[in-house]
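The file query.txt comes next; it holds compact mmCIF, N, CA and C atoms and all ligand atoms.
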# COMPACT_ATOMS: atom_id res chain seq x y z
N MET A 1 -3.28 13.25 -1.58
CA MET A 1 -3.52 12.21 -2.59
C MET A 1 -4.52 11.17 -2.09
N PHE A 2 -4.52 10.90 -0.79
CA PHE A 2 -5.39 9.85 -0.26
C PHE A 2 -6.50 10.42 0.63
N SER A 3 -6.82 11.69 0.44
CA SER A 3 -7.80 12.31 1.33
C SER A 3 -9.18 11.65 1.24
N ASP A 4 -9.49 11.02 0.10
CA ASP A 4 -10.79 10.37 -0.05
C ASP A 4 -10.82 8.95 0.52
N ILE A 5 -9.66 8.44 0.92
CA ILE A 5 -9.60 7.05 1.37
C ILE A 5 -9.92 6.99 2.85
N GLU A 6 -11.09 6.44 3.16
CA GLU A 6 -11.51 6.29 4.54
C GLU A 6 -11.03 4.93 5.06
N VAL A 7 -10.40 4.95 6.22
CA VAL A 7 -9.92 3.71 6.82
C VAL A 7 -11.09 2.98 7.46
N LYS A 8 -11.24 1.71 7.11
CA LYS A 8 -12.33 0.90 7.63
C LYS A 8 -11.77 -0.34 8.33
N ALA A 9 -12.66 -1.10 8.95
CA ALA A 9 -12.20 -2.28 9.70
C ALA A 9 -11.46 -3.25 8.78
N GLU A 10 -12.01 -3.47 7.58
CA GLU A 10 -11.32 -4.34 6.63
C GLU A 10 -10.31 -3.51 5.84
N GLU A 11 -9.14 -4.06 5.64
CA GLU A 11 -8.10 -3.32 4.93
C GLU A 11 -8.52 -3.06 3.48
N ARG A 12 -8.23 -1.87 3.03
CA ARG A 12 -8.46 -1.49 1.63
C ARG A 12 -7.11 -1.42 0.94
N VAL A 13 -7.08 -1.68 -0.35
CA VAL A 13 -5.83 -1.75 -1.08
C VAL A 13 -6.01 -1.15 -2.46
N GLY A 14 -4.93 -0.61 -3.00
CA GLY A 14 -5.02 -0.07 -4.34
C GLY A 14 -3.66 0.38 -4.84
N ILE A 15 -3.72 1.11 -5.93
CA ILE A 15 -2.47 1.59 -6.54
C ILE A 15 -2.63 3.06 -6.91
N VAL A 16 -1.51 3.69 -7.22
CA VAL A 16 -1.50 5.03 -7.80
C VAL A 16 -0.82 4.92 -9.15
N THR A 17 -1.47 5.42 -10.19
CA THR A 17 -0.87 5.36 -11.52
C THR A 17 0.23 6.41 -11.66
N HIS A 18 0.96 6.34 -12.74
CA HIS A 18 2.01 7.33 -13.00
C HIS A 18 1.43 8.73 -13.21
N ASP A 19 0.13 8.80 -13.56
CA ASP A 19 -0.54 10.10 -13.71
C ASP A 19 -1.11 10.61 -12.39
N GLY A 20 -0.97 9.82 -11.32
CA GLY A 20 -1.44 10.26 -10.02
C GLY A 20 -2.86 9.86 -9.69
N ASP A 21 -3.46 9.01 -10.53
CA ASP A 21 -4.82 8.54 -10.23
C ASP A 21 -4.76 7.46 -9.15
N VAL A 22 -5.60 7.61 -8.15
CA VAL A 22 -5.70 6.63 -7.07
C VAL A 22 -6.78 5.62 -7.45
N VAL A 23 -6.40 4.35 -7.58
CA VAL A 23 -7.32 3.29 -8.00
C VAL A 23 -7.44 2.29 -6.85
N GLU A 24 -8.67 1.98 -6.45
CA GLU A 24 -8.86 0.96 -5.42
C GLU A 24 -9.04 -0.40 -6.08
N LEU A 25 -8.39 -1.41 -5.54
CA LEU A 25 -8.51 -2.79 -6.02
C LEU A 25 -9.30 -3.59 -5.00
N ILE A 26 -9.73 -4.78 -5.40
CA ILE A 26 -10.50 -5.63 -4.49
C ILE A 26 -9.53 -6.39 -3.60
N ASN A 27 -9.76 -6.29 -2.29
CA ASN A 27 -8.98 -7.08 -1.33
C ASN A 27 -9.55 -8.49 -1.32
N VAL A 28 -8.78 -9.44 -1.85
CA VAL A 28 -9.28 -10.82 -1.97
C VAL A 28 -8.77 -11.72 -0.83
N SER A 29 -8.20 -11.11 0.20
CA SER A 29 -7.71 -11.90 1.34
C SER A 29 -8.85 -12.65 2.02
N ASN A 30 -8.55 -13.80 2.58
CA ASN A 30 -9.54 -14.54 3.37
C ASN A 30 -9.82 -13.85 4.70
N ASP A 31 -8.89 -13.05 5.17
CA ASP A 31 -9.06 -12.32 6.43
C ASP A 31 -8.72 -10.85 6.18
N ARG A 32 -9.72 -10.11 5.71
CA ARG A 32 -9.47 -8.73 5.28
C ARG A 32 -9.30 -7.77 6.45
N VAL A 33 -9.64 -8.22 7.67
CA VAL A 33 -9.37 -7.39 8.83
C VAL A 33 -7.88 -7.42 9.17
N LYS A 34 -7.27 -8.57 8.93
CA LYS A 34 -5.85 -8.73 9.29
C LYS A 34 -4.89 -8.34 8.18
N GLY A 35 -5.35 -8.34 6.94
CA GLY A 35 -4.41 -8.06 5.86
C GLY A 35 -5.09 -7.94 4.52
N PHE A 36 -4.28 -7.93 3.48
CA PHE A 36 -4.84 -7.78 2.14
C PHE A 36 -4.11 -8.70 1.18
N SER A 37 -4.82 -9.07 0.10
CA SER A 37 -4.23 -9.74 -1.05
C SER A 37 -4.85 -9.14 -2.28
N VAL A 38 -4.10 -9.17 -3.36
CA VAL A 38 -4.57 -8.65 -4.64
C VAL A 38 -4.71 -9.83 -5.58
N SER A 39 -5.74 -9.83 -6.41
CA SER A 39 -5.97 -10.95 -7.33
C SER A 39 -4.83 -11.05 -8.35
N GLY A 40 -4.66 -12.24 -8.89
CA GLY A 40 -3.65 -12.44 -9.92
C GLY A 40 -3.86 -11.53 -11.11
N GLU A 41 -5.14 -11.31 -11.45
CA GLU A 41 -5.45 -10.43 -12.58
C GLU A 41 -4.99 -9.00 -12.30
N ASP A 42 -5.28 -8.51 -11.09
CA ASP A 42 -4.84 -7.15 -10.76
C ASP A 42 -3.32 -7.06 -10.67
N LEU A 43 -2.69 -8.12 -10.19
CA LEU A 43 -1.21 -8.10 -10.15
C LEU A 43 -0.65 -7.95 -11.56
N MET A 44 -1.23 -8.68 -12.51
CA MET A 44 -0.75 -8.60 -13.89
C MET A 44 -1.03 -7.23 -14.48
N THR A 45 -2.27 -6.74 -14.26
CA THR A 45 -2.71 -5.49 -14.89
C THR A 45 -1.93 -4.29 -14.37
N TRP A 46 -1.71 -4.24 -13.06
CA TRP A 46 -1.17 -3.02 -12.46
C TRP A 46 0.27 -3.14 -12.02
N PHE A 47 0.63 -4.27 -11.43
CA PHE A 47 1.96 -4.40 -10.83
C PHE A 47 2.99 -4.89 -11.86
N ALA A 48 2.75 -6.07 -12.42
CA ALA A 48 3.73 -6.66 -13.33
C ALA A 48 3.90 -5.83 -14.59
N SER A 49 2.86 -5.12 -14.98
CA SER A 49 2.91 -4.31 -16.20
C SER A 49 3.69 -3.01 -16.01
N GLY A 50 3.92 -2.61 -14.76
CA GLY A 50 4.58 -1.33 -14.51
C GLY A 50 3.61 -0.15 -14.55
N GLN A 51 2.31 -0.42 -14.68
CA GLN A 51 1.31 0.67 -14.76
C GLN A 51 1.14 1.39 -13.43
N ALA A 52 1.46 0.72 -12.33
CA ALA A 52 1.31 1.34 -11.02
C ALA A 52 2.65 1.93 -10.58
N LYS A 53 2.60 3.19 -10.17
CA LYS A 53 3.81 3.82 -9.61
C LYS A 53 3.96 3.46 -8.14
N SER A 54 2.82 3.36 -7.45
CA SER A 54 2.81 3.09 -6.02
C SER A 54 1.68 2.14 -5.67
N SER A 55 1.84 1.47 -4.55
CA SER A 55 0.71 0.75 -3.96
C SER A 55 0.28 1.49 -2.70
N TRP A 56 -0.93 1.21 -2.25
CA TRP A 56 -1.36 1.73 -0.95
C TRP A 56 -2.27 0.70 -0.30
N HIS A 57 -2.29 0.70 1.01
CA HIS A 57 -3.32 -0.05 1.73
C HIS A 57 -3.54 0.59 3.08
N THR A 58 -4.68 0.25 3.68
CA THR A 58 -5.06 0.89 4.93
C THR A 58 -4.80 -0.02 6.12
N HIS A 59 -4.59 0.60 7.27
CA HIS A 59 -4.47 -0.09 8.55
C HIS A 59 -5.51 0.48 9.50
N ASP A 60 -6.39 -0.35 9.99
CA ASP A 60 -7.38 0.09 10.96
C ASP A 60 -6.93 -0.33 12.35
N GLY A 61 -7.04 0.56 13.31
CA GLY A 61 -6.77 0.22 14.69
C GLY A 61 -5.32 -0.07 14.99
N LYS A 62 -4.44 0.32 14.09
CA LYS A 62 -3.02 0.17 14.33
C LYS A 62 -2.32 1.28 13.57
N SER A 63 -1.02 1.37 13.77
CA SER A 63 -0.30 2.48 13.17
C SER A 63 -0.06 2.24 11.69
N ALA A 64 0.55 3.20 11.06
CA ALA A 64 0.93 3.08 9.64
C ALA A 64 2.29 2.43 9.50
N ASN A 65 2.74 1.76 10.57
CA ASN A 65 4.01 1.03 10.49
C ASN A 65 3.83 -0.27 9.73
N LEU A 66 4.94 -0.79 9.22
CA LEU A 66 4.95 -2.02 8.45
C LEU A 66 4.62 -3.23 9.30
N SER A 67 3.84 -4.16 8.74
CA SER A 67 3.75 -5.50 9.33
C SER A 67 4.83 -6.36 8.66
N ALA A 68 5.07 -7.53 9.22
CA ALA A 68 6.05 -8.43 8.61
C ALA A 68 5.62 -8.82 7.20
N ASP A 69 4.31 -9.05 7.02
CA ASP A 69 3.81 -9.37 5.67
C ASP A 69 3.98 -8.20 4.71
N ASP A 70 3.75 -6.99 5.22
CA ASP A 70 3.96 -5.81 4.36
C ASP A 70 5.40 -5.77 3.88
N TYR A 71 6.33 -5.97 4.81
CA TYR A 71 7.75 -5.89 4.47
C TYR A 71 8.09 -6.87 3.34
N GLN A 72 7.65 -8.14 3.53
CA GLN A 72 7.93 -9.15 2.51
C GLN A 72 7.26 -8.80 1.18
N GLY A 73 6.03 -8.33 1.27
CA GLY A 73 5.29 -7.98 0.05
C GLY A 73 5.93 -6.83 -0.71
N PHE A 74 6.36 -5.81 0.02
CA PHE A 74 6.97 -4.64 -0.64
C PHE A 74 8.26 -5.03 -1.35
N LEU A 75 8.98 -6.01 -0.80
CA LEU A 75 10.24 -6.44 -1.43
C LEU A 75 10.00 -7.02 -2.83
N ASN A 76 8.76 -7.52 -3.06
CA ASN A 76 8.45 -8.08 -4.38
C ASN A 76 8.35 -7.01 -5.46
N TRP A 77 8.15 -5.76 -5.05
CA TRP A 77 7.94 -4.67 -6.01
C TRP A 77 8.88 -3.52 -5.65
N PRO A 78 10.19 -3.73 -5.80
CA PRO A 78 11.16 -2.74 -5.32
C PRO A 78 11.18 -1.45 -6.12
N GLU A 79 10.62 -1.47 -7.33
CA GLU A 79 10.61 -0.25 -8.15
C GLU A 79 9.45 0.67 -7.78
N MET A 80 8.56 0.20 -6.90
CA MET A 80 7.38 0.99 -6.52
C MET A 80 7.53 1.58 -5.13
N ASP A 81 6.80 2.69 -4.91
CA ASP A 81 6.59 3.21 -3.56
C ASP A 81 5.40 2.48 -2.97
N HIS A 82 5.36 2.42 -1.64
CA HIS A 82 4.25 1.75 -0.97
C HIS A 82 3.78 2.61 0.19
N TYR A 83 2.51 2.96 0.17
CA TYR A 83 1.94 3.81 1.21
C TYR A 83 1.08 2.99 2.16
N ILE A 84 1.20 3.27 3.44
CA ILE A 84 0.29 2.70 4.43
C ILE A 84 -0.49 3.87 5.05
N ILE A 85 -1.82 3.73 5.00
CA ILE A 85 -2.72 4.80 5.44
C ILE A 85 -3.43 4.32 6.70
N SER A 86 -3.20 5.02 7.80
CA SER A 86 -3.93 4.70 9.04
C SER A 86 -4.88 5.86 9.33
N HIS A 87 -5.60 5.77 10.44
CA HIS A 87 -6.50 6.86 10.82
C HIS A 87 -5.73 8.16 11.03
N SER A 88 -4.49 8.03 11.52
CA SER A 88 -3.79 9.24 11.96
C SER A 88 -2.60 9.64 11.10
N ALA A 89 -2.17 8.76 10.19
CA ALA A 89 -0.95 9.07 9.45
C ALA A 89 -0.88 8.33 8.13
N ILE A 90 -0.02 8.85 7.25
CA ILE A 90 0.31 8.16 6.00
C ILE A 90 1.83 8.04 5.95
N HIS A 91 2.31 6.82 5.80
CA HIS A 91 3.75 6.58 5.70
C HIS A 91 4.07 6.06 4.30
N ARG A 92 5.21 6.50 3.76
CA ARG A 92 5.65 6.02 2.45
C ARG A 92 6.90 5.15 2.64
N TYR A 93 6.90 4.02 1.99
CA TYR A 93 8.03 3.09 2.06
C TYR A 93 8.62 2.88 0.67
N TYR A 94 9.90 2.59 0.63
CA TYR A 94 10.58 2.33 -0.63
C TYR A 94 11.69 1.32 -0.36
N THR A 95 12.22 0.77 -1.43
CA THR A 95 13.20 -0.31 -1.30
C THR A 95 14.56 0.15 -1.83
N VAL A 96 15.59 -0.11 -1.05
CA VAL A 96 16.96 0.17 -1.47
C VAL A 96 17.81 -1.05 -1.15
N ASN A 97 18.48 -1.58 -2.14
CA ASN A 97 19.40 -2.70 -1.93
C ASN A 97 18.78 -3.83 -1.11
N GLY A 98 17.54 -4.18 -1.45
CA GLY A 98 16.90 -5.30 -0.79
C GLY A 98 16.39 -5.05 0.60
N ALA A 99 16.30 -3.78 0.99
CA ALA A 99 15.76 -3.45 2.31
C ALA A 99 14.64 -2.42 2.14
N VAL A 100 13.57 -2.58 2.89
CA VAL A 100 12.46 -1.64 2.84
C VAL A 100 12.70 -0.55 3.89
N LEU A 101 12.65 0.70 3.45
CA LEU A 101 12.89 1.83 4.33
C LEU A 101 11.67 2.75 4.32
N GLU A 102 11.49 3.49 5.40
CA GLU A 102 10.43 4.50 5.42
C GLU A 102 11.01 5.86 5.08
N ASP A 103 10.30 6.59 4.23
CA ASP A 103 10.67 7.98 3.93
C ASP A 103 10.05 8.86 5.01
N ILE A 104 10.82 9.06 6.09
CA ILE A 104 10.27 9.77 7.24
C ILE A 104 9.95 11.22 6.90
N SER A 105 10.69 11.79 5.95
CA SER A 105 10.47 13.19 5.60
C SER A 105 9.11 13.40 4.92
N SER A 106 8.52 12.32 4.38
CA SER A 106 7.23 12.49 3.70
C SER A 106 6.07 12.03 4.56
N ARG A 107 6.33 11.75 5.83
CA ARG A 107 5.28 11.33 6.75
C ARG A 107 4.17 12.38 6.81
N GLN A 108 2.93 11.94 6.70
CA GLN A 108 1.81 12.89 6.75
C GLN A 108 0.91 12.53 7.91
N VAL A 109 0.45 13.59 8.59
CA VAL A 109 -0.54 13.41 9.64
C VAL A 109 -1.90 13.66 9.03
N ARG A 110 -2.90 12.87 9.37
CA ARG A 110 -4.22 13.04 8.81
C ARG A 110 -5.16 13.67 9.83
ZN ZN B 201 -0.15 -3.50 6.20
Please rewrite the model in this file as structure tokens.
Ligand SMILES: [Zn+2]
Amino acid sequence: MFSDIEVKAEERVGIVTHDGDVVELINVSNDRVKGFSVSGEDLMTWFASGQAKSSWHTHDGKSANLSADDYQGFLNWPEMDHYIISHSAIHRYYTVNGAVLEDISSRQVR
């Protein structure tokens, strides 16, 4: 699903629609090397509307493990899956009873 997504120094972010389309959004963070933010407009269009089934973002120079900010951010959208794409792996996270868990069985090596 993310084979076209090249990991770069600045984090990339996007969503996957319910039809499986991978859409890249603009990372509006002030420090795009350290993290990502999505504009209010994109949050309304894709996240709050329920149009996005999953989110994704990239990690350069680090693993596909969660950062503390990722954990807090994913909790805001518990009905969605969240993918972290690194150079070497793709991890999927989901929320159960207010806790973010990794679906280890779906771990992919790139
Ligand atoms: Zn992250």
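Considering the residues A:Asp70, A:Asp31, A:Asp19, A:Glu24 and counting only N, CA and C atoms, Gln51 in chain A has its shortest atom-to-atom contact with A:Asp19.
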- Task: Have a look at A:Asn65, A:Ser55, A:Thr17, A:Asn30 and name the one nearest to Ser86 in chain A; count all atoms listed in the file.
- Result: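 With all atoms listed in the file as the atom set, the closest residue is A:Asn65.
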Counting all atoms listed in the file, what are the residues, protein, DNA or RNA alike, that approach ligand ZN 201 (chain B) to within 8 Å? I want them as a PDB file with N, CA and C atoms, in the coordinates of the input.
ATOM      1  N   LYS A  34      -7.270  -8.570   8.930  1.00  0.00           N
ATOM      2  CA  LYS A  34      -5.850  -8.730   9.290  1.00  0.00           C
ATOM      3  C   LYS A  34      -4.890  -8.340   8.180  1.00  0.00           C
ATOM      4  N   GLY A  35      -5.350  -8.340   6.940  1.00  0.00           N
ATOM      5  CA  GLY A  35      -4.410  -8.060   5.860  1.00  0.00           C
ATOM      6  C   GLY A  35      -5.090  -7.940   4.520  1.00  0.00           C
ATOM      7  N   PHE A  36      -4.280  -7.930   3.480  1.00  0.00           N
ATOM      8  CA  PHE A  36      -4.840  -7.780   2.140  1.00  0.00           C
ATOM      9  C   PHE A  36      -4.110  -8.700   1.180  1.00  0.00           C
ATOM     10  N   HIS A  57      -2.290   0.700   1.010  1.00  0.00           N
ATOM     11  CA  HIS A  57      -3.320  -0.050   1.730  1.00  0.00           C
ATOM     12  C   HIS A  57      -3.540   0.590   3.080  1.00  0.00           C
ATOM     13  N   THR A  58      -4.680   0.250   3.680  1.00  0.00           N
ATOM     14  CA  THR A  58      -5.060   0.890   4.930  1.00  0.00           C
ATOM     15  C   THR A  58      -4.800  -0.020   6.120  1.00  0.00           C
ATOM     16  N   HIS A  59      -4.590   0.600   7.270  1.00  0.00           N
ATOM     17  CA  HIS A  59      -4.470  -0.090   8.550  1.00  0.00           C
ATOM     18  C   HIS A  59      -5.510   0.480   9.500  1.00  0.00           C
ATOM     19  N   ASP A  60      -6.390  -0.350   9.990  1.00  0.00           N
ATOM     20  CA  ASP A  60      -7.380   0.090  10.960  1.00  0.00           C
ATOM     21  C   ASP A  60      -6.930  -0.330  12.350  1.00  0.00           C
ATOM     22  N   SER A  63      -1.020   1.370  13.770  1.00  0.00           N
ATOM     23  CA  SER A  63      -0.300   2.480  13.170  1.00  0.00           C
ATOM     24  C   SER A  63      -0.060   2.240  11.690  1.00  0.00           C
ATOM     25  N   ALA A  64       0.550   3.200  11.060  1.00  0.00           N
ATOM     26  CA  ALA A  64       0.930   3.080   9.640  1.00  0.00           C
ATOM     27  C   ALA A  64       2.290   2.430   9.500  1.00  0.00           C
ATOM     28  N   ASN A  65       2.740   1.760  10.570  1.00  0.00           N
ATOM     29  CA  ASN A  65       4.010   1.030  10.490  1.00  0.00           C
ATOM     30  C   ASN A  65       3.830  -0.270   9.730  1.00  0.00           C
ATOM     31  N   LEU A  66       4.940  -0.790   9.220  1.00  0.00           N
ATOM     32  CA  LEU A  66       4.950  -2.020   8.450  1.00  0.00           C
ATOM     33  C   LEU A  66       4.620  -3.230   9.300  1.00  0.00           C
ATOM     34  N   SER A  67       3.840  -4.160   8.740  1.00  0.00           N
ATOM     35  CA  SER A  67       3.750  -5.500   9.330  1.00  0.00           C
ATOM     36  C   SER A  67       4.830  -6.360   8.660  1.00  0.00           C
ATOM     37  N   ALA A  68       5.070  -7.530   9.220  1.00  0.00           N
ATOM     38  CA  ALA A  68       6.050  -8.430   8.610  1.00  0.00           C
ATOM     39  C   ALA A  68       5.620  -8.820   7.200  1.00  0.00           C
ATOM     40  N   ASP A  69       4.310  -9.050   7.020  1.00  0.00           N
ATOM     41  CA  ASP A  69       3.810  -9.370   5.670  1.00  0.00           C
ATOM     42  C   ASP A  69       3.980  -8.200   4.710  1.00  0.00           C
ATOM     43  N   ASP A  70       3.750  -6.990   5.220  1.00  0.00           N
ATOM     44  CA  ASP A  70       3.960  -5.810   4.360  1.00  0.00           C
ATOM     45  C   ASP A  70       5.400  -5.770   3.880  1.00  0.00           C
ATOM     46  N   TYR A  71       6.330  -5.970   4.810  1.00  0.00           N
ATOM     47  CA  TYR A  71       7.750  -5.890   4.470  1.00  0.00           C
ATOM     48  C   TYR A  71       8.090  -6.870   3.340  1.00  0.00           C
ATOM     49  N   TYR A  83       2.510   2.960   0.170  1.00  0.00           N
ATOM     50  CA  TYR A  83       1.940   3.810   1.210  1.00  0.00           C
ATOM     51  C   TYR A  83       1.080   2.990   2.160  1.00  0.00           C
ATOM     52  N   ILE A  84       1.200   3.270   3.440  1.00  0.00           N
ATOM     53  CA  ILE A  84       0.290   2.700   4.430  1.00  0.00           C
ATOM     54  C   ILE A  84      -0.490   3.870   5.050  1.00  0.00           C
ATOM     55  N   ILE A  85      -1.820   3.730   5.000  1.00  0.00           N
ATOM     56  CA  ILE A  85      -2.720   4.800   5.440  1.00  0.00           C
ATOM     57  C   ILE A  85      -3.430   4.320   6.700  1.00  0.00           C
TER      58      ILE A  85
END
- What does the distance from CA of Leu43 in chain A to CA of Arg12 in chain A come to in Å, to one decimal? 15.3 Å
- Note on the structure: Among A:His87, A:Ala99, A:Gly40, A:Asp21, Leu75 in chain A is approached most closely, using only N, CA and C atoms, by A:Ala99
- Quick one: distance from CA of Asp4 in chain A to CA of Val96 in chain A in Å, one decimal? 29.6 Å
- Item | Using only N, CA and C atoms: which of A:Asn27, A:Ile15, A:Ser105, A:Tyr93 has the shortest distance to Trp46 in chain A |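 Residue with the minimum atom-to-atom distance to Trp46 in chain A: A:Ile15.
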- Selected residue, from A:Val23, A:Ala52, A:Val33, A:Val28, that lies nearest to Glu11 in chain A when counting only N, CA and C atoms: A:Val33
- Item | Coordinates-based distance that separates CA of Val22 in chain A from CA of Ile5 in chain A (Å, one decimal) |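 These atoms are spaced 9.3 Å apart.
If you measure from each of A:Phe47, A:Ala89, A:Glu41, A:Trp56 to Trp77 in chain A using only C-alpha atoms, the closest one turns out to be A:Phe47.
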- Query: Residues of chain A in strand (DSSP E) according to DSSP, as a PyMOL selection string?
  - Reply: chain A and resi 13-17+22-25+52-58+81-85+89-96+99-102+108-109
- Task: Could you please write out, as a PyMOL selection string, every residue of range 38-82 of chain A that DSSP assigns to helix (DSSP H, G or I)?
- Result: chain A and resi 40-48+68-75
- Message: Give me, as a list in words, all polymer residues having an atom no more than 6 Å from Met80 in chain A, counting all atoms listed in the file and skipping those fewer than 2 positions away in the same chain.
- Response: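 Non-adjacent residues within range: Lys53, Ser54, Ser55, Trp77, Pro78, His82 and Tyr94 of chain A.
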Save out the residues we just selected, N, CA and C atoms, as a CSV table (one decimal), in the coordinates of the input.
chain,number,residue,atom,x,y,z
A,53,LYS,N,2.6,3.2,-10.2
A,53,LYS,CA,3.8,3.8,-9.6
A,53,LYS,C,4.0,3.5,-8.1
A,54,SER,N,2.8,3.4,-7.4
A,54,SER,CA,2.8,3.1,-6.0
A,54,SER,C,1.7,2.1,-5.7
A,55,SER,N,1.8,1.5,-4.6
A,55,SER,CA,0.7,0.8,-4.0
A,55,SER,C,0.3,1.5,-2.7
A,77,TRP,N,8.2,-5.8,-5.0
A,77,TRP,CA,7.9,-4.7,-6.0
A,77,TRP,C,8.9,-3.5,-5.6
A,78,PRO,N,10.2,-3.7,-5.8
A,78,PRO,CA,11.2,-2.7,-5.3
A,78,PRO,C,11.2,-1.4,-6.1
A,82,HIS,N,5.4,2.4,-1.6
A,82,HIS,CA,4.2,1.8,-1.0
A,82,HIS,C,3.8,2.6,0.2
A,94,TYR,N,9.9,2.6,0.6
A,94,TYR,CA,10.6,2.3,-0.6
A,94,TYR,C,11.7,1.3,-0.4
Test item: axis-aligned box, all listed atoms of range 57-67 of chain A, 4 Å on each side, centre and edges in Å rounded to one decimal, as lines of an AutoDock Vina configuration file:
center_x = -1.2
center_y = -1.6
center_z = 8.0
size_x = 20.3
size_y = 17.6
size_z = 22.0
